[in-house]
>>> print(open('data_29.pdb').read())   # PDB, C-alpha atoms (C1' of nucleotides)
MODEL        1
ATOM      1  CA  MET A  29    -149.823 -58.933-136.819
ATOM      2  CA  PRO A  30    -150.888 -61.016-133.863
ATOM      3  CA  GLU A  31    -152.718 -58.064-132.308
ATOM      4  CA  ARG A  32    -155.257 -57.860-135.099
ATOM      5  CA  SER A  33    -156.211 -61.528-135.009
ATOM      6  CA  ARG A  34    -159.446 -62.610-133.359
ATOM      7  CA  PRO A  35    -159.346 -63.297-129.627
ATOM      8  CA  LEU A  36    -158.014 -66.698-128.700
ATOM      9  CA  ASN A  37    -159.303 -68.383-125.579
ATOM     10  CA  ASP A  38    -156.419 -70.713-124.879
ATOM     11  CA  ASP A  39    -154.460 -69.063-122.095
ATOM     12  CA  ALA A  40    -154.504 -65.327-122.687
ATOM     13  CA  ARG A  41    -156.488 -64.122-119.702
ATOM     14  CA  CYS A  42    -156.802 -60.504-120.820
ATOM     15  CA  GLU A  43    -158.089 -61.605-124.180
ATOM     16  CA  VAL A  44    -161.084 -63.471-122.815
ATOM     17  CA  ARG A  45    -161.998 -61.210-119.932
ATOM     18  CA  LEU A  46    -163.558 -58.510-122.064
ATOM     19  CA  VAL A  47    -166.336 -56.663-120.345
ATOM     20  CA  HIS A  48    -167.091 -54.345-123.229
ATOM     21  CA  GLU A  49    -165.812 -56.192-126.264
ATOM     22  CA  ASP A  50    -167.145 -53.702-128.800
ATOM     23  CA  ALA A  51    -165.386 -50.804-127.091
ATOM     24  CA  VAL A  52    -162.147 -52.754-126.951
ATOM     25  CA  GLN A  53    -162.397 -53.716-130.589
ATOM     26  CA  ALA A  54    -163.050 -50.093-131.563
ATOM     27  CA  ALA A  55    -160.084 -48.890-129.518
ATOM     28  CA  LEU A  56    -157.852 -51.542-131.071
ATOM     29  CA  ARG A  57    -159.004 -50.577-134.546
ATOM     30  CA  ASP A  58    -158.448 -46.818-134.258
ATOM     31  CA  ARG A  59    -155.187 -46.800-132.370
ATOM     32  CA  ALA A  60    -151.933 -45.369-133.671
ATOM     33  CA  ARG A  61    -149.198 -47.654-134.929
ATOM     34  CA  ASP A  62    -146.628 -49.025-132.521
ATOM     35  CA  GLU A  63    -143.731 -47.137-134.101
ATOM     36  CA  GLU A  64    -145.624 -43.880-133.870
ATOM     37  CA  LEU A  65    -146.454 -44.447-130.217
ATOM     38  CA  SER A  66    -142.909 -45.407-129.402
ATOM     39  CA  GLY A  67    -141.546 -42.354-131.208
ATOM     40  CA  LEU A  68    -144.060 -40.192-129.412
ATOM     41  CA  ALA A  69    -142.975 -41.647-126.084
ATOM     42  CA  ASP A  70    -139.347 -40.891-126.984
ATOM     43  CA  THR A  71    -140.235 -37.301-127.817
ATOM     44  CA  PHE A  72    -142.035 -36.829-124.513
ATOM     45  CA  GLN A  73    -139.154 -38.544-122.759
ATOM     46  CA  MET A  74    -136.823 -35.900-124.178
ATOM     47  CA  LEU A  75    -139.037 -33.277-122.537
ATOM     48  CA  ALA A  76    -139.369 -35.163-119.256
ATOM     49  CA  SER A  77    -136.274 -33.705-117.626
ATOM     50  CA  PRO A  78    -135.908 -30.253-116.051
ATOM     51  CA  THR A  79    -132.380 -30.062-117.423
ATOM     52  CA  ARG A  80    -133.483 -30.659-121.003
ATOM     53  CA  LEU A  81    -136.510 -28.415-120.558
ATOM     54  CA  ARG A  82    -134.169 -25.621-119.487
ATOM     55  CA  ILE A  83    -132.093 -26.257-122.586
ATOM     56  CA  VAL A  84    -135.155 -26.173-124.823
ATOM     57  CA  GLU A  85    -136.424 -23.059-123.075
ATOM     58  CA  ALA A  86    -133.137 -21.233-123.554
ATOM     59  CA  LEU A  87    -132.727 -22.351-127.161
ATOM     60  CA  SER A  88    -136.291 -21.309-127.982
ATOM     61  CA  ARG A  89    -135.057 -17.719-127.636
ATOM     62  CA  ARG A  90    -131.620 -17.734-129.194
ATOM     63  CA  GLU A  91    -128.820 -20.048-130.144
ATOM     64  CA  LEU A  92    -126.235 -20.605-127.438
ATOM     65  CA  CYS A  93    -122.917 -22.361-126.990
ATOM     66  CA  VAL A  94    -122.351 -25.225-124.564
ATOM     67  CA  CYS A  95    -120.779 -23.245-121.753
ATOM     68  CA  ASP A  96    -123.533 -20.642-121.906
ATOM     69  CA  LEU A  97    -126.111 -23.408-121.752
ATOM     70  CA  ALA A  98    -124.334 -24.887-118.754
ATOM     71  CA  ALA A  99    -124.532 -21.514-117.013
ATOM     72  CA  VAL A 100    -128.226 -21.124-117.842
ATOM     73  CA  VAL A 101    -129.202 -24.655-116.917
ATOM     74  CA  GLY A 102    -127.012 -24.762-113.843
ATOM     75  CA  VAL A 103    -125.259 -28.076-114.391
ATOM     76  CA  SER A 104    -121.798 -29.047-115.573
ATOM     77  CA  GLU A 105    -120.756 -28.620-119.176
ATOM     78  CA  SER A 106    -120.304 -32.365-119.395
ATOM     79  CA  ALA A 107    -123.884 -32.972-118.369
ATOM     80  CA  VAL A 108    -125.106 -30.420-120.896
ATOM     81  CA  SER A 109    -123.002 -32.029-123.587
ATOM     82  CA  HIS A 110    -124.459 -35.430-122.806
ATOM     83  CA  GLN A 111    -127.986 -34.095-123.007
ATOM     84  CA  LEU A 112    -127.203 -32.208-126.198
ATOM     85  CA  ARG A 113    -126.033 -35.428-127.772
ATOM     86  CA  LEU A 114    -129.395 -37.033-126.976
ATOM     87  CA  LEU A 115    -131.238 -33.993-128.309
ATOM     88  CA  ARG A 116    -129.116 -34.148-131.465
ATOM     89  CA  GLN A 117    -129.864 -37.839-131.958
ATOM     90  CA  MET A 118    -133.578 -37.095-131.595
ATOM     91  CA  ARG A 119    -133.275 -34.298-134.184
ATOM     92  CA  ILE A 120    -134.483 -31.767-131.660
ATOM     93  CA  VAL A 121    -131.435 -29.483-131.828
ATOM     94  CA  ARG A 122    -128.902 -28.703-134.539
ATOM     95  CA  TYR A 123    -125.489 -27.197-134.068
ATOM     96  CA  ARG A 124    -122.833 -25.363-136.010
ATOM     97  CA  LYS A 125    -119.158 -25.169-135.219
ATOM     98  CA  GLU A 126    -117.447 -21.777-135.149
ATOM     99  CA  GLY A 127    -113.824 -22.247-134.231
ATOM    100  CA  ARG A 128    -113.757 -24.098-130.926
ATOM    101  CA  MET A 129    -117.283 -23.146-130.060
ATOM    102  CA  ALA A 130    -120.406 -25.127-130.863
ATOM    103  CA  TYR A 131    -123.600 -23.136-131.191
ATOM    104  CA  TYR A 132    -126.819 -25.017-130.628
ATOM    105  CA  ALA A 133    -130.321 -24.103-131.764
ATOM    106  CA  LEU A 134    -133.684 -25.809-131.958
ATOM    107  CA  GLU A 135    -134.013 -27.910-135.057
ATOM    108  CA  ASP A 136    -137.757 -28.277-134.847
ATOM    109  CA  HIS A 137    -140.316 -25.658-133.917
ATOM    110  CA  HIS A 138    -142.768 -28.374-132.843
ATOM    111  CA  VAL A 139    -140.733 -28.907-129.697
ATOM    112  CA  ALA A 140    -141.017 -25.262-128.718
ATOM    113  CA  ASP A 141    -144.765 -25.549-129.345
ATOM    114  CA  LEU A 142    -145.014 -28.556-127.063
ATOM    115  CA  PHE A 143    -142.979 -26.721-124.449
ATOM    116  CA  ARG A 144    -145.258 -23.690-124.502
ATOM    117  CA  LEU A 145    -148.453 -25.763-124.579
ATOM    118  CA  GLY A 146    -147.291 -27.883-121.678
ATOM    119  CA  LEU A 147    -146.230 -24.827-119.708
ATOM    120  CA  ASN A 148    -149.631 -23.242-120.186
ATOM    121  CA  HIS A 149    -151.144 -26.492-118.972
ATOM    122  CA  VAL A 150    -149.182 -26.682-115.724
ATOM    123  CA  ARG A 151    -149.866 -22.981-115.164
ATOM    124  CA  GLU A 152    -153.549 -23.871-115.625
TER     125      GLU A 152
ATOM    126  CA  MET B  13    -131.667 -16.360-105.131
ATOM    127  CA  PRO B  14    -128.022 -17.094-105.777
ATOM    128  CA  GLU B  15    -128.634 -17.494-109.485
ATOM    129  CA  ARG B  16    -129.720 -13.895-109.892
ATOM    130  CA  SER B  17    -126.607 -12.449-108.243
ATOM    131  CA  ARG B  18    -123.764 -11.148-110.388
ATOM    132  CA  PRO B  19    -121.194 -13.732-111.455
ATOM    133  CA  LEU B  20    -118.713 -14.587-108.761
ATOM    134  CA  ASN B  21    -115.222 -15.543-109.777
ATOM    135  CA  ASP B  22    -114.180 -17.546-106.746
ATOM    136  CA  ASP B  23    -114.442 -21.201-107.746
ATOM    137  CA  ALA B  24    -117.569 -21.612-109.849
ATOM    138  CA  ARG B  25    -116.104 -22.454-113.224
ATOM    139  CA  CYS B  26    -119.339 -22.230-115.194
ATOM    140  CA  GLU B  27    -120.058 -18.839-113.670
ATOM    141  CA  VAL B  28    -116.888 -17.230-114.945
ATOM    142  CA  ARG B  29    -116.645 -18.977-118.292
ATOM    143  CA  LEU B  30    -119.410 -16.963-119.893
ATOM    144  CA  VAL B  31    -118.879 -16.393-123.557
ATOM    145  CA  HIS B  32    -122.027 -14.397-124.095
ATOM    146  CA  GLU B  33    -122.832 -12.973-120.698
ATOM    147  CA  ASP B  34    -125.720 -10.809-121.866
ATOM    148  CA  ALA B  35    -127.464 -13.763-123.516
ATOM    149  CA  VAL B  36    -127.023 -15.859-120.392
ATOM    150  CA  GLN B  37    -128.354 -13.089-118.168
ATOM    151  CA  ALA B  38    -131.373 -12.644-120.446
ATOM    152  CA  ALA B  39    -132.068 -16.374-120.451
ATOM    153  CA  LEU B  40    -131.788 -16.489-116.673
ATOM    154  CA  ARG B  41    -134.143 -13.546-116.328
ATOM    155  CA  ASP B  42    -136.924 -14.837-118.592
ATOM    156  CA  ARG B  43    -136.965 -18.453-117.567
ATOM    157  CA  ALA B  44    -139.888 -20.213-115.932
ATOM    158  CA  ARG B  45    -139.884 -20.941-112.233
ATOM    159  CA  ASP B  46    -138.340 -24.149-110.960
ATOM    160  CA  GLU B  47    -141.645 -25.582-109.716
ATOM    161  CA  GLU B  48    -143.260 -24.955-113.069
ATOM    162  CA  LEU B  49    -140.427 -26.656-114.914
ATOM    163  CA  SER B  50    -140.462 -29.584-112.564
ATOM    164  CA  GLY B  51    -144.229 -29.968-112.903
ATOM    165  CA  LEU B  52    -143.904 -29.722-116.653
ATOM    166  CA  ALA B  53    -141.255 -32.434-116.614
ATOM    167  CA  ASP B  54    -143.574 -34.618-114.531
ATOM    168  CA  THR B  55    -146.399 -34.123-117.012
ATOM    169  CA  PHE B  56    -144.194 -35.058-119.939
ATOM    170  CA  GLN B  57    -142.886 -37.984-117.946
ATOM    171  CA  MET B  58    -146.444 -39.287-117.642
ATOM    172  CA  LEU B  59    -146.613 -39.238-121.438
ATOM    173  CA  ALA B  60    -143.185 -40.776-121.929
ATOM    174  CA  SER B  61    -144.334 -44.394-121.887
ATOM    175  CA  PRO B  62    -146.015 -46.317-124.703
ATOM    176  CA  THR B  63    -148.200 -48.069-122.141
ATOM    177  CA  ARG B  64    -149.508 -44.831-120.670
ATOM    178  CA  LEU B  65    -149.859 -43.303-124.122
ATOM    179  CA  ARG B  66    -152.062 -46.236-125.110
ATOM    180  CA  ILE B  67    -154.138 -45.647-122.015
ATOM    181  CA  VAL B  68    -154.507 -41.950-122.797
ATOM    182  CA  GLU B  69    -155.312 -42.729-126.411
ATOM    183  CA  ALA B  70    -158.036 -45.197-125.453
ATOM    184  CA  LEU B  71    -159.509 -42.965-122.761
ATOM    185  CA  SER B  72    -159.563 -39.986-125.121
ATOM    186  CA  ARG B  73    -162.394 -41.809-126.930
ATOM    187  CA  ARG B  74    -164.472 -43.314-124.167
ATOM    188  CA  GLU B  75    -164.280 -44.352-120.545
ATOM    189  CA  LEU B  76    -163.119 -47.911-119.974
ATOM    190  CA  CYS B  77    -162.684 -50.335-117.128
ATOM    191  CA  VAL B  78    -159.341 -51.778-116.056
ATOM    192  CA  CYS B  79    -159.630 -55.130-117.806
ATOM    193  CA  ASP B  80    -160.704 -53.482-121.060
ATOM    194  CA  LEU B  81    -157.730 -51.142-120.812
ATOM    195  CA  ALA B  82    -155.467 -54.117-120.246
ATOM    196  CA  ALA B  83    -156.816 -55.721-123.417
ATOM    197  CA  VAL B  84    -156.375 -52.525-125.424
ATOM    198  CA  VAL B  85    -152.913 -51.739-124.115
ATOM    199  CA  GLY B  86    -151.752 -55.340-124.260
ATOM    200  CA  VAL B  87    -150.242 -55.693-120.797
ATOM    201  CA  SER B  88    -151.403 -57.308-117.578
ATOM    202  CA  GLU B  89    -154.210 -55.835-115.547
ATOM    203  CA  SER B  90    -151.803 -55.359-112.672
ATOM    204  CA  ALA B  91    -149.508 -53.266-114.829
ATOM    205  CA  VAL B  92    -152.436 -51.160-116.028
ATOM    206  CA  SER B  93    -153.600 -50.666-112.457
ATOM    207  CA  HIS B  94    -150.148 -49.481-111.437
ATOM    208  CA  GLN B  95    -150.029 -46.980-114.282
ATOM    209  CA  LEU B  96    -153.566 -45.836-113.527
ATOM    210  CA  ARG B  97    -152.531 -45.088-109.993
ATOM    211  CA  LEU B  98    -149.767 -42.836-111.262
ATOM    212  CA  LEU B  99    -152.149 -41.164-113.672
ATOM    213  CA  ARG B 100    -154.613 -40.654-110.830
ATOM    214  CA  GLN B 101    -151.959 -39.115-108.612
ATOM    215  CA  MET B 102    -151.050 -36.728-111.424
ATOM    216  CA  ARG B 103    -154.730 -35.803-111.839
ATOM    217  CA  ILE B 104    -154.693 -37.011-115.426
ATOM    218  CA  VAL B 105    -157.473 -39.580-115.077
ATOM    219  CA  ARG B 106    -160.500 -39.877-112.819
ATOM    220  CA  TYR B 107    -162.484 -43.001-112.041
ATOM    221  CA  ARG B 108    -165.857 -44.033-110.781
ATOM    222  CA  LYS B 109    -166.784 -47.305-109.127
ATOM    223  CA  GLU B 110    -169.755 -49.253-110.382
ATOM    224  CA  GLY B 111    -170.114 -52.427-108.393
ATOM    225  CA  ARG B 112    -166.837 -54.295-108.735
ATOM    226  CA  MET B 113    -165.847 -52.397-111.841
ATOM    227  CA  ALA B 114    -163.812 -49.205-111.969
ATOM    228  CA  TYR B 115    -164.377 -46.988-114.986
ATOM    229  CA  TYR B 116    -161.578 -44.624-115.892
ATOM    230  CA  ALA B 117    -161.750 -41.455-117.981
ATOM    231  CA  LEU B 118    -159.479 -38.530-118.720
ATOM    232  CA  GLU B 119    -159.673 -35.869-116.052
ATOM    233  CA  ASP B 120    -158.046 -33.169-118.121
ATOM    234  CA  HIS B 121    -158.523 -32.395-121.806
ATOM    235  CA  HIS B 122    -155.082 -30.759-121.954
ATOM    236  CA  VAL B 123    -153.497 -34.188-121.915
ATOM    237  CA  ALA B 124    -155.469 -35.298-124.950
ATOM    238  CA  ASP B 125    -154.373 -32.077-126.654
ATOM    239  CA  LEU B 126    -150.736 -32.812-125.921
ATOM    240  CA  PHE B 127    -151.206 -36.349-127.177
ATOM    241  CA  ARG B 128    -152.673 -35.210-130.492
ATOM    242  CA  LEU B 129    -150.130 -32.425-130.964
ATOM    243  CA  GLY B 130    -147.254 -34.770-130.265
ATOM    244  CA  LEU B 131    -148.674 -37.399-132.557
ATOM    245  CA  ASN B 132    -148.951 -34.890-135.383
ATOM    246  CA  HIS B 133    -145.340 -33.973-134.712
ATOM    247  CA  VAL B 134    -143.953 -37.488-134.961
ATOM    248  CA  ARG B 135    -146.087 -38.058-138.050
ATOM    249  CA  GLU B 136    -144.534 -34.855-139.446
TER     250      GLU B 136
ATOM    251  C1'  DT C  17    -171.927 -67.418 -95.890
ATOM    252  C1'  DG C  18    -168.551 -68.712 -98.985
ATOM    253  C1'  DC C  19    -166.389 -68.001-103.155
ATOM    254  C1'  DA C  20    -165.197 -66.096-107.544
ATOM    255  C1'  DC C  21    -164.326 -61.853-109.710
ATOM    256  C1'  DG C  22    -162.490 -57.081-110.646
ATOM    257  C1'  DT C  23    -159.324 -54.176-108.908
ATOM    258  C1'  DA C  24    -155.533 -52.278-105.818
ATOM    259  C1'  DT C  25    -151.080 -52.550-103.817
ATOM    260  C1'  DG C  26    -146.465 -53.869-101.931
ATOM    261  C1'  DA C  27    -142.059 -56.218-102.801
ATOM    262  C1'  DG C  28    -138.583 -57.037-105.836
ATOM    263  C1'  DC C  29    -136.084 -57.400-110.066
ATOM    264  C1'  DA C  30    -134.004 -56.200-114.772
ATOM    265  C1'  DG C  31    -133.198 -52.550-117.611
ATOM    266  C1'  DA C  32    -132.983 -47.597-118.549
ATOM    267  C1'  DT C  33    -131.557 -42.941-117.159
ATOM    268  C1'  DG C  34    -128.736 -38.870-115.625
ATOM    269  C1'  DT C  35    -124.626 -37.202-113.948
ATOM    270  C1'  DG C  36    -119.656 -36.765-112.583
ATOM    271  C1'  DC C  37    -115.092 -38.047-113.634
ATOM    272  C1'  DA C  38    -111.338 -38.769-116.515
ATOM    273  C1'  DC C  39    -109.685 -38.383-120.824
ATOM    274  C1'  DA C  40    -109.815 -37.616-125.975
ATOM    275  C1'  DT C  41    -110.331 -34.394-129.884
ATOM    276  C1'  DG C  42    -109.743 -30.482-132.472
ATOM    277  C1'  DA C  43    -108.917 -25.535-132.753
ATOM    278  C1'  DT C  44    -106.284 -21.336-131.269
ATOM    279  C1'  DG C  45    -102.516 -18.618-129.832
ATOM    280  C1'  DG C  46     -97.833 -17.740-128.189
TER     281       DG C  46
ATOM    282  C1'  DC D  10     -94.919 -27.198-131.816
ATOM    283  C1'  DC D  11     -96.881 -27.066-127.341
ATOM    284  C1'  DA D  12    -100.151 -25.322-123.926
ATOM    285  C1'  DT D  13    -104.730 -24.086-123.434
ATOM    286  C1'  DC D  14    -109.479 -23.928-124.263
ATOM    287  C1'  DA D  15    -114.298 -25.519-125.687
ATOM    288  C1'  DT D  16    -116.438 -29.496-126.408
ATOM    289  C1'  DG D  17    -117.277 -34.688-127.004
ATOM    290  C1'  DT D  18    -117.340 -39.289-125.068
ATOM    291  C1'  DG D  19    -116.485 -43.902-122.461
ATOM    292  C1'  DC D  20    -117.040 -45.612-117.967
ATOM    293  C1'  DA D  21    -118.952 -46.063-113.376
ATOM    294  C1'  DC D  22    -122.474 -45.514-110.255
ATOM    295  C1'  DA D  23    -126.668 -44.105-108.011
ATOM    296  C1'  DT D  24    -131.316 -43.578-108.978
ATOM    297  C1'  DC D  25    -135.499 -44.333-111.365
ATOM    298  C1'  DT D  26    -138.907 -47.086-114.196
ATOM    299  C1'  DG D  27    -142.066 -50.468-115.513
ATOM    300  C1'  DC D  28    -143.118 -54.901-115.094
ATOM    301  C1'  DT D  29    -144.304 -59.527-112.683
ATOM    302  C1'  DC D  30    -145.600 -62.036-108.737
ATOM    303  C1'  DA D  31    -148.058 -62.559-104.708
ATOM    304  C1'  DT D  32    -151.536 -60.994-102.038
ATOM    305  C1'  DA D  33    -155.249 -58.084-100.112
ATOM    306  C1'  DC D  34    -159.622 -55.667-100.548
ATOM    307  C1'  DG D  35    -164.461 -55.032-101.775
ATOM    308  C1'  DT D  36    -168.476 -56.585-104.422
ATOM    309  C1'  DG D  37    -172.022 -59.660-106.124
ATOM    310  C1'  DC D  38    -173.770 -64.190-106.915
ATOM    311  C1'  DA D  39    -174.945 -69.091-105.719
TER     312       DA D  39
ENDMDL
END
>>> encode(input="data_29.pdb", output="structure tokens")
Amino acid sequence: MPERSRPLNDDARCEVRLVHEDAVQAALRDRARDEELSGLADTFQMLASPTRLRIVEALSRRELCVCDLAAVVGVSESAVSHQLRLLRQMRIVRYRKEGRMAYYALEDHHVADLFRLGLNHVRE
Amino acid sequence: MPERSRPLNDDARCEVRLVHEDAVQAALRDRARDEELSGLADTFQMLASPTRLRIVEALSRRELCVCDLAAVVGVSESAVSHQLRLLRQMRIVRYRKEGRMAYYALEDHHVADLFRLGLNHVRE
DNA sequence: TGCACGTATGAGCAGATGTGCACATGATGG
DNA sequence: CCATCATGTGCACATCTGCTCATACGTGCA
């Protein structure tokens, strides 16, 4: 773990130019792990698109099939399918097949929580 | 509002191929406004980067100057400054000048809330 | 005053992202 | 079986993102 080693003063500018070294050391000590941060960024990234937010919003009420989602979101069924694949890979939605139809629903209630919390925030 | 009108069957494929028309109508009726969704997507977008998440994490503890943030986040001071500009424009951080130094802090506690909630989610 | 320092900003580049298009897949019905 | 339908997916392309590099701006110190 090179990040936890003591500051070197060879060529790393940002390592030597510490104005408040104690604060920096404390922040470095208490921070979340890299994998957690990267997973968190991925989760927020999934919610950083109006299209996917519409999907999450619709699925937070009831399960829907792809063509219904396309009608609600207002984009092509192909685009919805692409986004649903991403949401599936991120374990945000699950789906069940019924004949030719695929019904999607939210896998994780945390996402709906984040959606509502964020919406309350932007509504102030 | 063309979306609120009854389904036309001229050439809009996704408007006529409604499998569950009542569910789609209900979803279209209850959904958030476009500006709200777009602002929500922007907020999540601000949190969709490990670099900015590190910044938010560090600033949720104490205010810090740019070079300290660069040391905590682990990127160049230029990169931090660029991200801080975005965060300023989104009213997520505020800053005060003290001599040559610029001290940044979180403007809005909602962002720290979202950060913690999301982190609890990825930690399961 | 001159110069180093901390920060801000514009240009530009490599990689990621979102969508449409064309086509594949699998199920259903005649 | 074969046509059709709902959905999935590879490819292409335009756009966006986040970073580096170079440079400018404002402050404080010698």
>>> resolve_selection(input="data_29.pdb", expression="the PyMOL selection byres ((chain D and resi 11) around 12)", output="ChimeraX atom specification")
/C:44-46 /D:10,12-13
>>> atom_distance(input="data_29.pdb", atom1="CA of Gln73 in chain A", atom2="CA of Ala60 in chain B")
4.7 Å
>>> resolve_selection(input="data_29.pdb", expression="the PyMOL selection byres ((chain C) within 8 of (chain A))", output="ChimeraX atom specification")
/C:35,42-44
>>> atom_distance(input="data_29.pdb", atom1="CA of Arg82 in chain A", atom2="CA of Val94 in chain A")
12.9 Å
>>> closest_residue(input="data_29.pdb", among="B:Glu119, B:Asp42, B:Glu89, B:Glu69", to="chain D", atoms="all atoms listed in the file")
B:Glu89
>>> resolve_selection(input="data_29.pdb", expression="the PyMOL selection byres ((chain D) within 12 of (chain A))", output="list in words")
DT13, DC14, DA15, DT16, DG17, DT18 and DG19 of chain D
>>> closest_residue(input="data_29.pdb", among="A:Glu152, A:Glu63, A:Asp70, A:Asp136", to="chain B", atoms="only C-alpha atoms")
A:Asp70
